[in-house]
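Here is the structure we will look at.
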Amino acid sequence: MDEVFDNMGGGRNVNMSFNSDGSYGIGSMRFGGGKGITQSNMVGVNYADQWVKNLDSNGSYFFTNSNSENKNTTKQVNFLPTGNFITESDAVTNGESLGHNFNFNFEFKIDSTSTIMVSPKFTNGKNTYNSASTESSLDANHQLLNKNNSVNREDGESNNFKNVINYNKSFKRKGRFLNVNFENENSVGNTDVLNKSITKFYQGSEPDDIRNQLRETEILKDVYNSEIEYLEPLKDSLKLKFGVYARTEKTSDDREAYDYDASSDTYTLKNASLTSYLTSNTNLVTPKTGFAIDKKKYSFNASVGTTIAQFNNYSLYLSKTTNLNKDYVFPFANLFANYKFTKSKSIYGRYDYKVGFPTASQVLPVENLANPLNTFMGNPDLDLIKNHSVFFSFRDFDMATRSGYSIHLGGDYFNSQVVSSVEYDANRKRTTTYENVSGTYASWFGANWNKTIKKEANSYKFGIGFYGNYDFQKGFTDGELFEAKALRITPRVNFTYEYGELFTISPSYNFTYNDTKYSNYSVSSASNFLHKFNVQTTNYWPKNWVFGNDFAYTYNSNISDGFKKDFYLWNTSLAYSFLKKKMTFKVKVYDILNQNQSATRTITPTAIRDEENTVLKRYAMFSLTYKIEKFAGKEKPTR
């Protein structure tokens, strides 16, 4: 763990990391986290060995547990072509999750030219989630449109199995190569939701919606991917590629609902309008060919092919069955290039043509009435999701001097994209379906510059960065097409001064600006900005003592009344090492000023959302760490 701040908002250790949202990670696994205050517990074991010659193996097991509590307050302005309305909500939630996580890795070297790897993973999770919420919507004159009070309890269990099998072989001729890869993912999830809610409508003649019901859901997913690729060298640097990729994905969504029967005090009255069964089966195969050039200074790789796909969907709802089966043929294309000017300077580019499938719920004509304020309905006429994806980067960075700069930009352009189409009634109750649009895009760009200057015991590190996104989105509200162009830019500057191994100070400043412009709404634009100043200091004097401080100021503009715009956050840590630095005692105080908060503003193509959640405020933590210097007969190297 990080020697100064440990798990106080961002451990910097590769193997084990702690994050400000309460989550923590071990390697690629992530546990806990989410909004609110999360208490996480974990115990586990890693084991690695070579049981037989040429077989390397390792495995791990982790038991995880997390408990979370949150109080959420939200105020949202919803955009309509004819006028806006406001939704306000308060919710109190708490939940608990348990997890068993198994990971294994086996690598068997068959001979000097071929290797097979197998990596199975299994997870089992159980969770319980309780919530009590109040939500109301008002028009521009603050007249009540609807109000919902609900209490929910959710109990769920999931099992997930993943496996990767890879075989690769090189041949006597240099550059000739065969790779076979197979992956599968099989999961099942069962969830029971006990829902008690009262929804009142104050406009029009629609009756109030009162529910006391139990909803049971089982979701199954089976995915199998396989790929074979063969490389044949024409020259030392030029290779032809031949391959085939195949994928099978099957999902099912089985929902049953039961209303409360007062006579028997049980949930046995079947609710047909909330009961449905959906399946989706996607099968595709992509034969492809291409070539690769690999030189000392540059490399180029291109693959093209044709994908043949079947997209089959089935539903049973209100005693009506629907079969929606479609066949597709579409192109596959992928290429990337890299050029190294010098050891530190290089340029990289990539292009992909991507095609995706909508979900079963988006294409099947089944009403989802689980939310009394939002009914969802699929659209059988939906087309595929098609987009061109590009990425470009230029880098000139010298690792020896830790100085240089880089530039990157990329984006996705959609020939066809699936978007929501929302209709509102007089009570602002929504009915959501889906449509295809074209000509939308999402782009991102950035640049950074770093410079390190060392003079005797003094080290000066300078950094400047600039990042941004520019998106063009479309959708439908009350039958009218809207457009939204969103710009987000985030410049930053940082500086670090180090005096030998005695003292470090690192101030930084980040500015974030969001601006969205609309068409076919009663508003033409919305914007906000965020300032964040931070300074970190670490003092390694006197000997065996480490004193760290992390101070930050955050200011959020344009946030609604009732949400605090700014706050200070100050963390400190003091550690003392003894017994030849094998043992360390540490005390840490988080949020000394007791001001931490979580007020955010989110601007979307359809709304402006201000939200505040519970966050952990001032607390102290004590730790005693003993470092084992020898393990398996080998002495740990000093840093």
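As shown in the structure tokens, the chain order sets the letters A, B, ...; within each chain, residues go from 1, and ligands are also counted from 1 in the order they appear.
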- Task: Show which residues sit within 8 Å of segment 159-162 of chain A, as a VMD selection string. Count only C-alpha atoms, and ignore same-chain residues fewer than 5 positions away.
- Result: chain A and resid 120 to 125 183 to 189
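Neighbouring residues of Gly411 of chain A at 12 Å or closer, counting only C-alpha atoms and skipping chain neighbours under 6 positions away, are Arg350, Tyr351, Asp352, Tyr353, Asn387, His388, Ser389, Val390, Phe391, Phe392, Thr440, Tyr441, Ala442, Ser443, Trp444, Phe445, Gly468, Asn469, Tyr470, Asp471 and Phe472 of chain A.
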Output for the residues just chosen: N, CA, C and O atoms as a PDB file, in the first residue's frame:
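As a result, selection.pdb now contains:
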ATOM      1  N   ARG A 350      -5.336   4.150 -35.654  1.00  0.00           N
ATOM      2  CA  ARG A 350      -6.166   2.943 -35.688  1.00  0.00           C
ATOM      3  C   ARG A 350      -7.531   3.283 -36.269  1.00  0.00           C
ATOM      4  O   ARG A 350      -8.069   4.373 -36.054  1.00  0.00           O
ATOM      5  N   TYR A 351      -8.101   2.310 -37.016  1.00  0.00           N
ATOM      6  CA  TYR A 351      -9.456   2.448 -37.556  1.00  0.00           C
ATOM      7  C   TYR A 351     -10.190   1.115 -37.399  1.00  0.00           C
ATOM      8  O   TYR A 351      -9.610   0.044 -37.645  1.00  0.00           O
ATOM      9  N   ASP A 352     -11.461   1.193 -36.981  1.00  0.00           N
ATOM     10  CA  ASP A 352     -12.317   0.009 -36.872  1.00  0.00           C
ATOM     11  C   ASP A 352     -13.701   0.343 -37.411  1.00  0.00           C
ATOM     12  O   ASP A 352     -14.217   1.457 -37.184  1.00  0.00           O
ATOM     13  N   TYR A 353     -14.293  -0.617 -38.095  1.00  0.00           N
ATOM     14  CA  TYR A 353     -15.706  -0.527 -38.444  1.00  0.00           C
ATOM     15  C   TYR A 353     -16.450  -1.496 -37.533  1.00  0.00           C
ATOM     16  O   TYR A 353     -16.174  -2.700 -37.536  1.00  0.00           O
ATOM     17  N   ASN A 387     -20.986   1.935 -36.685  1.00  0.00           N
ATOM     18  CA  ASN A 387     -20.167   3.132 -36.502  1.00  0.00           C
ATOM     19  C   ASN A 387     -18.736   2.921 -36.971  1.00  0.00           C
ATOM     20  O   ASN A 387     -18.223   1.801 -36.997  1.00  0.00           O
ATOM     21  N   HIS A 388     -18.113   4.028 -37.348  1.00  0.00           N
ATOM     22  CA  HIS A 388     -16.696   4.076 -37.702  1.00  0.00           C
ATOM     23  C   HIS A 388     -15.942   4.628 -36.486  1.00  0.00           C
ATOM     24  O   HIS A 388     -16.325   5.653 -35.925  1.00  0.00           O
ATOM     25  N   SER A 389     -14.860   3.954 -36.096  1.00  0.00           N
ATOM     26  CA  SER A 389     -14.092   4.369 -34.926  1.00  0.00           C
ATOM     27  C   SER A 389     -12.650   4.634 -35.341  1.00  0.00           C
ATOM     28  O   SER A 389     -12.035   3.811 -36.017  1.00  0.00           O
ATOM     29  N   VAL A 390     -12.130   5.799 -34.953  1.00  0.00           N
ATOM     30  CA  VAL A 390     -10.754   6.160 -35.290  1.00  0.00           C
ATOM     31  C   VAL A 390     -10.026   6.653 -34.035  1.00  0.00           C
ATOM     32  O   VAL A 390     -10.645   7.173 -33.104  1.00  0.00           O
ATOM     33  N   PHE A 391      -8.723   6.456 -34.029  1.00  0.00           N
ATOM     34  CA  PHE A 391      -7.892   6.957 -32.924  1.00  0.00           C
ATOM     35  C   PHE A 391      -6.520   7.304 -33.469  1.00  0.00           C
ATOM     36  O   PHE A 391      -5.979   6.604 -34.331  1.00  0.00           O
ATOM     37  N   PHE A 392      -5.947   8.411 -32.968  1.00  0.00           N
ATOM     38  CA  PHE A 392      -4.635   8.875 -33.410  1.00  0.00           C
ATOM     39  C   PHE A 392      -3.877   9.415 -32.200  1.00  0.00           C
ATOM     40  O   PHE A 392      -4.465  10.083 -31.331  1.00  0.00           O
ATOM     41  N   THR A 440     -24.783  10.930 -35.858  1.00  0.00           N
ATOM     42  CA  THR A 440     -24.313  11.313 -34.529  1.00  0.00           C
ATOM     43  C   THR A 440     -22.850  10.915 -34.365  1.00  0.00           C
ATOM     44  O   THR A 440     -22.332  10.068 -35.088  1.00  0.00           O
ATOM     45  N   TYR A 441     -22.196  11.513 -33.386  1.00  0.00           N
ATOM     46  CA  TYR A 441     -20.797  11.184 -33.160  1.00  0.00           C
ATOM     47  C   TYR A 441     -20.395  11.512 -31.725  1.00  0.00           C
ATOM     48  O   TYR A 441     -21.054  12.301 -31.025  1.00  0.00           O
ATOM     49  N   ALA A 442     -19.311  10.893 -31.295  1.00  0.00           N
ATOM     50  CA  ALA A 442     -18.671  11.173 -30.011  1.00  0.00           C
ATOM     51  C   ALA A 442     -17.178  11.281 -30.257  1.00  0.00           C
ATOM     52  O   ALA A 442     -16.589  10.414 -30.908  1.00  0.00           O
ATOM     53  N   SER A 443     -16.558  12.337 -29.756  1.00  0.00           N
ATOM     54  CA  SER A 443     -15.127  12.543 -30.000  1.00  0.00           C
ATOM     55  C   SER A 443     -14.429  12.913 -28.700  1.00  0.00           C
ATOM     56  O   SER A 443     -15.037  13.436 -27.769  1.00  0.00           O
ATOM     57  N   TRP A 444     -13.146  12.626 -28.657  1.00  0.00           N
ATOM     58  CA  TRP A 444     -12.342  12.966 -27.493  1.00  0.00           C
ATOM     59  C   TRP A 444     -10.962  13.379 -27.961  1.00  0.00           C
ATOM     60  O   TRP A 444     -10.479  12.964 -29.012  1.00  0.00           O
ATOM     61  N   PHE A 445     -10.311  14.220 -27.180  1.00  0.00           N
ATOM     62  CA  PHE A 445      -9.006  14.753 -27.569  1.00  0.00           C
ATOM     63  C   PHE A 445      -8.263  15.187 -26.310  1.00  0.00           C
ATOM     64  O   PHE A 445      -8.865  15.423 -25.252  1.00  0.00           O
ATOM     65  N   GLY A 468     -10.580  16.862 -23.504  1.00  0.00           N
ATOM     66  CA  GLY A 468     -11.916  17.316 -23.863  1.00  0.00           C
ATOM     67  C   GLY A 468     -12.722  16.271 -24.605  1.00  0.00           C
ATOM     68  O   GLY A 468     -12.197  15.254 -25.071  1.00  0.00           O
ATOM     69  N   ASN A 469     -14.017  16.525 -24.666  1.00  0.00           N
ATOM     70  CA  ASN A 469     -14.960  15.706 -25.428  1.00  0.00           C
ATOM     71  C   ASN A 469     -15.904  16.633 -26.179  1.00  0.00           C
ATOM     72  O   ASN A 469     -16.289  17.694 -25.677  1.00  0.00           O
ATOM     73  N   TYR A 470     -16.287  16.214 -27.380  1.00  0.00           N
ATOM     74  CA  TYR A 470     -17.298  16.945 -28.131  1.00  0.00           C
ATOM     75  C   TYR A 470     -18.216  15.913 -28.778  1.00  0.00           C
ATOM     76  O   TYR A 470     -17.774  15.099 -29.590  1.00  0.00           O
ATOM     77  N   ASP A 471     -19.495  15.930 -28.387  1.00  0.00           N
ATOM     78  CA  ASP A 471     -20.451  14.923 -28.833  1.00  0.00           C
ATOM     79  C   ASP A 471     -21.643  15.577 -29.511  1.00  0.00           C
ATOM     80  O   ASP A 471     -22.066  16.680 -29.149  1.00  0.00           O
ATOM     81  N   PHE A 472     -22.191  14.866 -30.476  1.00  0.00           N
ATOM     82  CA  PHE A 472     -23.423  15.285 -31.151  1.00  0.00           C
ATOM     83  C   PHE A 472     -24.421  14.150 -31.014  1.00  0.00           C
ATOM     84  O   PHE A 472     -24.196  13.053 -31.524  1.00  0.00           O
TER      85      PHE A 472
END
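Between atom CA of Gln76 of chain A and atom CA of Glu96 of chain A there is a distance of 28.4 Å.
Look at segment 602-619 of chain A: the protein and nucleic acid residues within 7 Å of it, using only C-alpha atoms and passing over chain neighbours fewer than 3 places away, are Lys35, Gly36, Ile37, Asn70, Lys71, Asn72, Thr73, Thr74, Lys75, Gln76, Val77, Asn78, Phe79, Ala484, Ile559, Ser560, Val589, Tyr590, Asp591, Ile592, Asn594, Gln595, Asn596, Gln597, Ser598 and Ala599 of chain A.
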How about saving the chosen residues, N, CA, C and O atoms kept, as a tab-separated table (two decimals), in the first residue's frame?
chain	number	residue	atom	x	y	z
A	35	LYS	N	-22.21	4.57	-4.47
A	35	LYS	CA	-22.53	5.83	-3.82
A	35	LYS	C	-22.82	5.60	-2.34
A	35	LYS	O	-23.31	4.55	-1.95
A	36	GLY	N	-22.54	6.61	-1.55
A	36	GLY	CA	-22.76	6.50	-0.12
A	36	GLY	C	-21.52	6.04	0.61
A	36	GLY	O	-20.40	6.06	0.09
A	37	ILE	N	-21.72	5.63	1.87
A	37	ILE	CA	-20.62	5.13	2.69
A	37	ILE	C	-20.58	3.61	2.59
A	37	ILE	O	-21.59	2.95	2.85
A	70	ASN	N	-26.70	5.07	2.05
A	70	ASN	CA	-26.69	6.31	1.29
A	70	ASN	C	-28.01	7.06	1.46
A	70	ASN	O	-29.07	6.46	1.62
A	71	LYS	N	-27.89	8.36	1.45
A	71	LYS	CA	-29.06	9.24	1.39
A	71	LYS	C	-28.88	10.12	0.18
A	71	LYS	O	-27.90	10.87	0.08
A	72	ASN	N	-29.80	10.04	-0.75
A	72	ASN	CA	-29.68	10.73	-2.03
A	72	ASN	C	-30.74	11.81	-2.16
A	72	ASN	O	-31.92	11.58	-1.86
A	73	THR	N	-30.32	12.98	-2.59
A	73	THR	CA	-31.24	14.09	-2.90
A	73	THR	C	-30.97	14.54	-4.33
A	73	THR	O	-29.81	14.80	-4.68
A	74	THR	N	-32.02	14.63	-5.13
A	74	THR	CA	-31.86	14.96	-6.55
A	74	THR	C	-32.88	16.00	-6.96
A	74	THR	O	-34.05	15.94	-6.56
A	75	LYS	N	-32.43	16.93	-7.79
A	75	LYS	CA	-33.33	17.89	-8.44
A	75	LYS	C	-32.98	17.90	-9.92
A	75	LYS	O	-31.82	18.14	-10.27
A	76	GLN	N	-33.96	17.63	-10.77
A	76	GLN	CA	-33.70	17.48	-12.19
A	76	GLN	C	-34.67	18.33	-13.00
A	76	GLN	O	-35.88	18.27	-12.79
A	77	VAL	N	-34.13	19.10	-13.94
A	77	VAL	CA	-34.94	19.86	-14.90
A	77	VAL	C	-35.02	19.05	-16.18
A	77	VAL	O	-33.99	18.76	-16.80
A	78	ASN	N	-36.23	18.66	-16.58
A	78	ASN	CA	-36.45	17.84	-17.77
A	78	ASN	C	-36.90	18.72	-18.92
A	78	ASN	O	-37.81	19.53	-18.77
A	79	PHE	N	-36.27	18.55	-20.09
A	79	PHE	CA	-36.55	19.39	-21.25
A	79	PHE	C	-37.65	18.77	-22.12
A	79	PHE	O	-37.61	17.58	-22.44
A	484	ALA	N	-28.49	17.67	-29.60
A	484	ALA	CA	-27.69	18.24	-28.51
A	484	ALA	C	-26.22	18.13	-28.85
A	484	ALA	O	-25.74	17.05	-29.19
A	559	ILE	N	-25.01	25.19	-9.56
A	559	ILE	CA	-25.74	24.10	-8.94
A	559	ILE	C	-26.99	24.68	-8.26
A	559	ILE	O	-27.02	25.84	-7.86
A	560	SER	N	-28.04	23.89	-8.16
A	560	SER	CA	-29.33	24.37	-7.67
A	560	SER	C	-29.26	24.80	-6.21
A	560	SER	O	-28.38	24.38	-5.45
A	589	VAL	N	-5.78	10.98	9.64
A	589	VAL	CA	-7.04	11.68	9.88
A	589	VAL	C	-7.57	12.15	8.54
A	589	VAL	O	-6.89	12.88	7.81
A	590	TYR	N	-8.77	11.69	8.22
A	590	TYR	CA	-9.40	12.02	6.95
A	590	TYR	C	-10.41	13.15	7.16
A	590	TYR	O	-11.18	13.13	8.12
A	591	ASP	N	-10.38	14.14	6.28
A	591	ASP	CA	-11.34	15.26	6.33
A	591	ASP	C	-11.28	15.96	7.69
A	591	ASP	O	-12.26	16.01	8.43
A	592	ILE	N	-10.13	16.53	8.00
A	592	ILE	CA	-9.94	17.22	9.28
A	592	ILE	C	-10.99	18.31	9.48
A	592	ILE	O	-11.50	18.50	10.59
A	594	ASN	N	-14.00	18.38	8.36
A	594	ASN	CA	-15.35	17.82	8.39
A	594	ASN	C	-16.27	18.52	7.38
A	594	ASN	O	-17.42	18.84	7.67
A	595	GLN	N	-15.76	18.71	6.15
A	595	GLN	CA	-16.53	19.42	5.12
A	595	GLN	C	-16.80	18.58	3.87
A	595	GLN	O	-17.43	19.07	2.94
A	596	ASN	N	-16.34	17.36	3.85
A	596	ASN	CA	-16.47	16.57	2.62
A	596	ASN	C	-17.94	16.48	2.17
A	596	ASN	O	-18.85	16.36	3.01
A	597	GLN	N	-18.17	16.53	0.88
A	597	GLN	CA	-19.53	16.44	0.36
A	597	GLN	C	-19.50	15.85	-1.05
A	597	GLN	O	-18.45	15.68	-1.65
A	598	SER	N	-20.70	15.53	-1.55
A	598	SER	CA	-20.81	14.94	-2.88
A	598	SER	C	-21.97	15.58	-3.63
A	598	SER	O	-23.01	14.98	-3.83
A	599	ALA	N	-21.81	16.82	-4.01
A	599	ALA	CA	-22.81	17.53	-4.81
A	599	ALA	C	-22.30	17.63	-6.24
A	599	ALA	O	-21.23	18.17	-6.48
All residues 10 Å or closer to Ile210 of chain A, only C-alpha atoms, same chain fewer than 3 positions away omitted, as a PDB file with N, CA, C and O atoms, in the first residue's frame:
ATOM      1  N   ASN A 148     -44.716   9.987  -6.191  1.00  0.00           N
ATOM      2  CA  ASN A 148     -44.521   8.556  -5.972  1.00  0.00           C
ATOM      3  C   ASN A 148     -43.816   8.330  -4.642  1.00  0.00           C
ATOM      4  O   ASN A 148     -42.806   8.958  -4.343  1.00  0.00           O
ATOM      5  N   ASN A 149     -44.378   7.429  -3.825  1.00  0.00           N
ATOM      6  CA  ASN A 149     -43.733   6.964  -2.597  1.00  0.00           C
ATOM      7  C   ASN A 149     -43.557   5.459  -2.712  1.00  0.00           C
ATOM      8  O   ASN A 149     -44.531   4.747  -3.006  1.00  0.00           O
ATOM      9  N   SER A 150     -42.356   4.972  -2.470  1.00  0.00           N
ATOM     10  CA  SER A 150     -42.127   3.537  -2.635  1.00  0.00           C
ATOM     11  C   SER A 150     -41.153   3.017  -1.600  1.00  0.00           C
ATOM     12  O   SER A 150     -40.259   3.738  -1.135  1.00  0.00           O
ATOM     13  N   LYS A 196     -43.608  -1.986  -2.681  1.00  0.00           N
ATOM     14  CA  LYS A 196     -44.818  -1.341  -2.175  1.00  0.00           C
ATOM     15  C   LYS A 196     -44.740   0.126  -2.557  1.00  0.00           C
ATOM     16  O   LYS A 196     -43.821   0.831  -2.138  1.00  0.00           O
ATOM     17  N   SER A 197     -45.676   0.569  -3.385  1.00  0.00           N
ATOM     18  CA  SER A 197     -45.603   1.940  -3.872  1.00  0.00           C
ATOM     19  C   SER A 197     -46.984   2.530  -4.081  1.00  0.00           C
ATOM     20  O   SER A 197     -47.960   1.816  -4.334  1.00  0.00           O
ATOM     21  N   ILE A 198     -47.054   3.843  -3.962  1.00  0.00           N
ATOM     22  CA  ILE A 198     -48.268   4.614  -4.252  1.00  0.00           C
ATOM     23  C   ILE A 198     -47.866   5.741  -5.188  1.00  0.00           C
ATOM     24  O   ILE A 198     -47.011   6.566  -4.850  1.00  0.00           O
ATOM     25  N   THR A 199     -48.462   5.776  -6.368  1.00  0.00           N
ATOM     26  CA  THR A 199     -48.195   6.819  -7.351  1.00  0.00           C
ATOM     27  C   THR A 199     -49.489   7.558  -7.624  1.00  0.00           C
ATOM     28  O   THR A 199     -50.473   6.957  -8.060  1.00  0.00           O
ATOM     29  N   LYS A 200     -49.474   8.862  -7.363  1.00  0.00           N
ATOM     30  CA  LYS A 200     -50.668   9.683  -7.566  1.00  0.00           C
ATOM     31  C   LYS A 200     -50.458  10.620  -8.747  1.00  0.00           C
ATOM     32  O   LYS A 200     -49.381  11.195  -8.918  1.00  0.00           O
ATOM     33  N   PRO A 207     -56.080   6.980 -13.348  1.00  0.00           N
ATOM     34  CA  PRO A 207     -56.220   6.586 -11.942  1.00  0.00           C
ATOM     35  C   PRO A 207     -54.859   6.456 -11.264  1.00  0.00           C
ATOM     36  O   PRO A 207     -53.840   6.242 -11.921  1.00  0.00           O
ATOM     37  N   GLN A 213     -46.535  -5.883  -4.426  1.00  0.00           N
ATOM     38  CA  GLN A 213     -46.293  -7.044  -5.281  1.00  0.00           C
ATOM     39  C   GLN A 213     -44.875  -7.583  -5.114  1.00  0.00           C
ATOM     40  O   GLN A 213     -43.966  -6.894  -4.634  1.00  0.00           O
ATOM     41  N   PRO A 372     -43.884   2.631 -12.429  1.00  0.00           N
ATOM     42  CA  PRO A 372     -45.196   3.255 -12.657  1.00  0.00           C
ATOM     43  C   PRO A 372     -45.133   4.598 -13.360  1.00  0.00           C
ATOM     44  O   PRO A 372     -46.157   5.081 -13.851  1.00  0.00           O
TER      45      PRO A 372
END
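Take the candidates A:Gly290, A:Ser57, A:Gly410, A:Tyr521 and check each one against Asn84 of chain A using only C-alpha atoms; the shortest distance goes to A:Tyr521.
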- Message: Using only C-alpha atoms, which protein or nucleic acid residues come within 9 Å of segment 247-252 of chain A? Drop anything in the same chain fewer than 2 positions from it, and give the result as a list in words.
- Response: Glu218, Ile219, Leu220, Lys221, Asp222, Val223, Tyr224, Asn225, Ser226, Glu227, Tyr245, Asp254, Tyr277, Leu278, Thr279, Ser280, Asn281, Thr282, Asn283, Leu284, Val285, Thr286 and Ala360 of chain A
Save out the residues we just selected, C-alpha atoms, as a compact mmCIF listing (two decimals), in the first residue's frame.
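Written file, part.txt:
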# COMPACT_ATOMS: atom_id res chain seq x y z
CA GLU A 218 -34.14 -14.92 -13.75
CA ILE A 219 -31.58 -13.78 -16.33
CA LEU A 220 -29.38 -16.30 -18.15
CA LYS A 221 -26.46 -15.50 -20.43
CA ASP A 222 -24.21 -17.83 -22.42
CA VAL A 223 -21.49 -16.44 -24.68
CA TYR A 224 -18.94 -18.43 -26.71
CA ASN A 225 -16.17 -16.83 -28.80
CA SER A 226 -13.63 -18.66 -30.91
CA GLU A 227 -10.96 -17.45 -33.31
CA TYR A 245 -13.94 -15.52 -35.89
CA ASP A 254 -37.84 -14.54 -17.40
CA TYR A 277 -40.40 -14.15 -21.13
CA LEU A 278 -37.79 -12.91 -23.65
CA THR A 279 -34.93 -14.67 -25.38
CA SER A 280 -32.31 -13.47 -27.83
CA ASN A 281 -29.85 -15.59 -29.81
CA THR A 282 -27.06 -14.09 -31.90
CA ASN A 283 -24.84 -16.25 -34.11
CA LEU A 284 -22.14 -14.81 -36.35
CA VAL A 285 -19.10 -15.93 -38.24
CA THR A 286 -16.44 -13.68 -39.80
CA ALA A 360 -34.12 -8.19 -26.91
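The residue set within 12 Å of Ser508 of chain A, counting only C-alpha atoms and dropping same-chain residues fewer than 5 places from it, reads Lys461, Phe462, Gly463, Ile464, Gly465, Pro491, Arg492, Val493, Asn494, Phe495, Thr496, Tyr497, His531, Lys532, Phe533, Asn534, Val535, Gln536, Thr537, Asp550, Phe551, Ala552 and Tyr553 of chain A.
Each of A:Gln310, A:Ser524, A:Asn146, A:Asn195 was checked against Glu88 of chain A using only C-alpha atoms; the smallest atom-to-atom distance is that of A:Asn146.
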- Task: Identify, on the basis of only C-alpha atoms, every residue whose closest approach to Asn65 of chain A does not exceed 8 Å; exclude the query and any residue fewer than 5 positions from it along the same chain; express the result as number ranges by chain.
- Result: A: 32, 40-42, 96-99
- Query: With distances taken over only C-alpha atoms, which of A:Gln143, A:Ser137, A:Thr128, A:Asn67 is nearest to Asn190 of chain A?
  - Reply: A:Thr128
- Could you give me, as a ChimeraX atom specification, each residue of segment 11-161 of chain A that DSSP assigns to strand (DSSP E or B) when run on this structure's backbone? /A:16-18,23-26,29-32,37-49,55-78,85-111,114-138,144-161
- So what do you get for atom CA of Asn54 of chain A versus atom CA of Ile228 of chain A, distance-wise? 24.4 Å
